[in-house]
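Asks: This is the structure I want to talk about, given as structure tokens.
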Amino acid sequence: MNVTKIGKRIKIPYKRNIPYKRNIRNISKKILLNYELYLFVLPALLTIIIFNYVPMYGIQIAFKDFIATKGIIGSPWVGFKHFNRFFNSYYFTNILTNTLRISIYSMVVAFPVPIILALLLNEVKNQHYKKFIQTVTYAPHFISMVVMASMIISFLSPSMGIVNHLIKAMGFEPIPFMEKANLFPTIYVFSGIWQNAGWNSVMYFAALSTIDPQLYEAGRVDGCTTVQKIWYIDLPGIIPMIVILLILNCGNILSVGFEKVYLLQNNLNIETSEVISTYVYKVGLQKAEYSFSTAVGLFNSVVNFILLVTVNSIAKKLGQSSLW
Amino acid sequence: MIKENIQDKIFNIVNLVILTIVLIITLYPLYFVAIASFSDPVMVNSGQVILWPKGINFKGYARVFANKEIWSGYRNTVFYTTLGTMINLMFTMPAAYALSRRDMIGRNFIMTLFTITMFFNGGLIPTYLVVKNLGLTNTFWALLLPSAVSTYNLIVSRTYMQNNIPVELQEAAIIDGSSNTRMLFTIVLPLSKPIIAVMALFYGVGHWNQYFSALIYITDKNLKPLQLILRNILLQNEYMASSVSSDSVETMAEQAKLAESIKYCTIIVASLPVLIVYPFIQKYFTKGIMLGAIRG
């Protein structure tokens, strides 16, 4: 997340000896003077070059028929063959719909929850209780996906799960949640809210803490109620943060995380639970169709990137905060 | 304070009620797993265990701890988490400091290189091929090196240092003839304790919960981390009811009963370390990420 562009950049006049005419001797002298700084960056830089930039070079196998013995460069070019195969395959619409369904569902339902949580929690007068709620609601974020998935499956089990005991106690028939394909997105989204709403509210708390206290002062003098304060001061104050996070969300619309979906999938819900990331994994690593899988992955990244740029420029046009 | 009017009073009460419900909804599943792990599995499965444990026994835990795979997974994960977090911090903190220096030439270019990786990457297969070609698959390095730096964490740390380490202090150190390295260790890192703690938690939890990397890079049984073994155990349990392992003297029914209990015990065993460490570091959150993230 690019959070550095939020707010004002403070100019620090640190070692202001950068000359207006930068000549090469001066620059190299300066680099030499601070050579240690470059050594500090080196390990991190090498890591991203090797594990992020070199793979980007490997993306070309999406346009080739990758043959392991010939390597990335030696494999023959095939143009858009793999992309055509994907777009024409029986799975394409299904996977795309599933991915979009889950991410749009969570954007509509899950995205506002941390905002509301932060706004409400901000009004709690008792600081200890506030802290306690924060500590508790952040906690599920740190539970592993494996554990999370198994909790979901256990709780929703038709014969033994606590949720169905509750349903039975209310006099209804137990629901075999995990076996119903149409319930998968709901299970995914609501368990996601349970796990992450608290944690995601951190950013909004941060934004709330930067609101000018004078505004509250003025509000109090004008006798505005708590609800009015939230509506007219708090909410507008955190709109920039909301917009930034919304843009980032839109940029990830095709990236429904692999782990959770994969861990919750079964043969009965696969119809709605197969998303791009799980498909890439299955085709790519389980069936070893490297080129085809890379093509699917690239399609995913490109769409995400286009969406990110589009939404960002719309936000800019509307005069809202933007990523760049 | 101007005294509250009735509208505000109602709001506060409703607000507290809502938040208390949120609190209960968040806590209860965790609490249920905890009490279910040492209750009689029959009572758990029939829905009798709701508010407090019933038929307390530790058979599930006994079975979990008797499992050799769990121990090996635990050992591996503790090792990956310790070494991995150390590498993460050693790579991230000096880089964050260097990039927080406004007099570093080429800083914006390097920063752009990092930022791009947040929005675009090679994807699963090309990354897999790089790791494989480097001969890292089936070694623990495959779990540590590709994730040695998280750009997000780097940016947050950098912002924190930019805003919290007085420039005057750094200037004074330089005038006193301190090298950048000495400054890093004697001034910058000690002043960055809150953010180091938060980063250690983020990275540490990441390693502890690591599942996907291990799934694709590790096939050697002896190298598998806890989460992978956990998944196998949890999956096995689904089928335990229909099969009896040969080395067990227990009857089928007994096995099936224990299966669910083992599940809850495994969850507790795997999550407890994280949930114990987390509250201690949580106090740094406001100081660390909130300041690091918001003031750019």
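Every chain in the structure tokens has a letter given in the order shown (A, B, ...), and although residue numbers restart at 1 in each chain, ligands are simply numbered from 1 in the order shown.
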Residues within 10 Å of A:Ala110, please, as a tab-separated table (two decimals) with N, CA and C atoms, in the first residue's frame. Count only C-alpha atoms; anything in the same chain fewer than 5 positions from it doesn't count.

Replies:
chain	number	residue	atom	x	y	z
A	103	SER	N	-15.18	-10.74	-4.97
A	103	SER	CA	-14.54	-9.47	-4.59
A	103	SER	C	-15.51	-8.30	-4.57
A	104	ILE	N	-16.49	-8.31	-5.45
A	104	ILE	CA	-17.47	-7.21	-5.40
A	104	ILE	C	-18.35	-7.34	-4.15
A	105	TYR	N	-18.73	-8.56	-3.85
A	105	TYR	CA	-19.50	-8.84	-2.63
A	105	TYR	C	-18.74	-8.31	-1.42
A	115	ILE	N	-14.88	0.99	8.73
A	115	ILE	CA	-15.11	2.43	8.85
A	115	ILE	C	-16.10	2.71	9.97
A	189	VAL	N	-17.12	-14.02	2.68
A	189	VAL	CA	-17.14	-12.60	3.03
A	189	VAL	C	-17.35	-12.38	4.52
A	190	PHE	N	-18.30	-13.09	5.13
A	190	PHE	CA	-18.59	-12.83	6.53
A	190	PHE	C	-17.50	-13.33	7.46
A	191	SER	N	-16.89	-14.46	7.12
A	191	SER	CA	-15.76	-14.89	7.96
A	191	SER	C	-14.61	-13.89	7.79
A	192	GLY	N	-14.52	-13.30	6.61
A	192	GLY	CA	-13.49	-12.28	6.38
A	192	GLY	C	-13.73	-11.05	7.24
A	193	ILE	N	-15.00	-10.67	7.39
A	193	ILE	CA	-15.32	-9.54	8.25
A	193	ILE	C	-14.91	-9.84	9.68
A	194	TRP	N	-15.25	-11.05	10.13
A	194	TRP	CA	-14.89	-11.44	11.50
A	194	TRP	C	-13.38	-11.35	11.70
A	196	ASN	N	-11.00	-9.69	9.80
A	196	ASN	CA	-10.21	-8.52	9.43
A	196	ASN	C	-10.81	-7.15	9.68
A	197	ALA	N	-12.11	-7.08	10.02
A	197	ALA	CA	-12.73	-5.76	10.17
A	197	ALA	C	-12.00	-4.96	11.24

Asks: As number ranges by chain, please: the residues near stretch 272-282 of chain A (cut-off 8 Å, only C-alpha atoms, same-chain neighbours under 5 positions excluded).

Replies: A: 94-96, 98-99, 181-182, 184-185, 254-258, 261-262, 265, 287, 293-294, 296-297, 300; B: 124

Asks: Where does DSSP see alpha helix (DSSP H) in stretch 105-188 of chain A, if you list the residues as a PyMOL selection string?

Replies: chain A and resi 105-109+112-121+127-138+145-156+162-169+184-188

Asks: Just C-alpha atoms for this one: save the residues we selected as a tab-separated table (two decimals), in the first residue's frame.

Replies:
chain	number	residue	atom	x	y	z
A	105	TYR	CA	-19.50	-8.84	-2.63
A	106	SER	CA	-16.74	-8.15	-0.14
A	107	MET	CA	-16.22	-4.65	-1.42
A	108	VAL	CA	-19.88	-3.80	-0.94
A	109	VAL	CA	-20.45	-5.64	2.33
A	112	PRO	CA	-17.70	-0.25	5.12
A	113	VAL	CA	-17.54	-2.34	8.32
A	114	PRO	CA	-14.11	-1.16	9.57
A	115	ILE	CA	-15.11	2.43	8.85
A	116	ILE	CA	-18.24	2.12	10.97
A	117	LEU	CA	-16.30	0.28	13.64
A	118	ALA	CA	-13.66	3.01	13.84
A	119	LEU	CA	-16.27	5.78	13.96
A	120	LEU	CA	-18.23	4.07	16.71
A	121	LEU	CA	-15.22	3.01	18.73
A	127	GLN	CA	-10.39	4.54	27.38
A	128	HIS	CA	-9.77	1.15	28.95
A	129	TYR	CA	-12.85	-0.38	27.38
A	130	LYS	CA	-11.90	1.18	24.06
A	131	LYS	CA	-8.40	-0.27	24.24
A	132	PHE	CA	-9.81	-3.66	25.22
A	133	ILE	CA	-12.20	-3.76	22.27
A	134	GLN	CA	-9.37	-2.76	19.97
A	135	THR	CA	-7.07	-5.47	21.29
A	136	VAL	CA	-9.76	-8.11	20.91
A	137	THR	CA	-10.97	-7.10	17.47
A	138	TYR	CA	-7.43	-6.97	16.06
A	145	MET	CA	-5.65	-19.19	7.32
A	146	VAL	CA	-5.30	-22.93	7.95
A	147	VAL	CA	-6.73	-22.48	11.42
A	148	MET	CA	-9.36	-20.05	10.20
A	149	ALA	CA	-10.55	-22.46	7.52
A	150	SER	CA	-10.75	-25.35	9.90
A	151	MET	CA	-12.69	-23.25	12.41
A	152	ILE	CA	-15.15	-22.31	9.69
A	153	ILE	CA	-15.58	-25.92	8.58
A	154	SER	CA	-16.02	-27.14	12.17
A	155	PHE	CA	-18.47	-24.45	13.18
A	156	LEU	CA	-20.57	-24.95	10.08
A	162	ILE	CA	-22.18	-25.06	16.80
A	163	VAL	CA	-23.93	-22.92	14.20
A	164	ASN	CA	-26.22	-25.75	13.21
A	165	HIS	CA	-26.90	-26.61	16.84
A	166	LEU	CA	-28.12	-23.06	17.19
A	167	ILE	CA	-30.24	-23.38	14.05
A	168	LYS	CA	-31.72	-26.64	15.32
A	169	ALA	CA	-32.38	-25.09	18.74
A	184	PHE	CA	-19.73	-20.02	-0.51
A	185	PRO	CA	-19.34	-16.27	-1.23
A	186	THR	CA	-21.36	-15.39	1.88
A	187	ILE	CA	-19.26	-17.67	4.08
A	188	TYR	CA	-16.12	-16.22	2.56

Asks: For a quick test of understanding: name the residues of chain B lying within 7 Å of chain A when counting only C-alpha atoms, and present them as a PyMOL selection string.

Replies: chain B and resi 8+15+23+26+45-47+91-92+94-95+98+102-103+105+117-118+120-123+125-127+130+146+148-149+152+167+180-181+205+209+212+227+231+267+271+279+290+293-296

Asks: Show which residues sit within 8 Å of stretch 50-65 of chain B, as a PyMOL selection string. Count only C-alpha atoms, and ignore same-chain residues fewer than 2 positions away.

Replies: chain B and resi 32+35-40+43+47-48+67-68+70-71+258+261-262+265-266

Asks: Excluding same-chain residues fewer than 5 positions from stretch 310-313 of chain A, what lies within 10 Å of it counting only C-alpha atoms, as a VMD selection string?

Replies: chain A and resid 243 to 244 246 to 251 304 to 305 318 to 324

Asks: Considering only C-alpha atoms, can you say which of B:Thr186, B:Glu171, B:Leu30, B:Val198 comes closest to B:Ser157?

Replies: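 Looking only at the distances to B:Ser157, the closest residue turns out to be B:Val198.
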
Asks: What's around A:Leu215 at 12 Å? Count only C-alpha atoms, leave out sequence neighbours fewer than 4 positions away in its own chain, and write the answer as a ChimeraX atom specification.

Replies: /A:210-211,219-222,224,229-230,232-234,236-237

Asks: When you draw a straight line from atom CA of B:Thr85 to atom CA of B:Leu154, how long is it in Å?

Replies: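 That distance, rounded to one decimal, is 13.7 Å.
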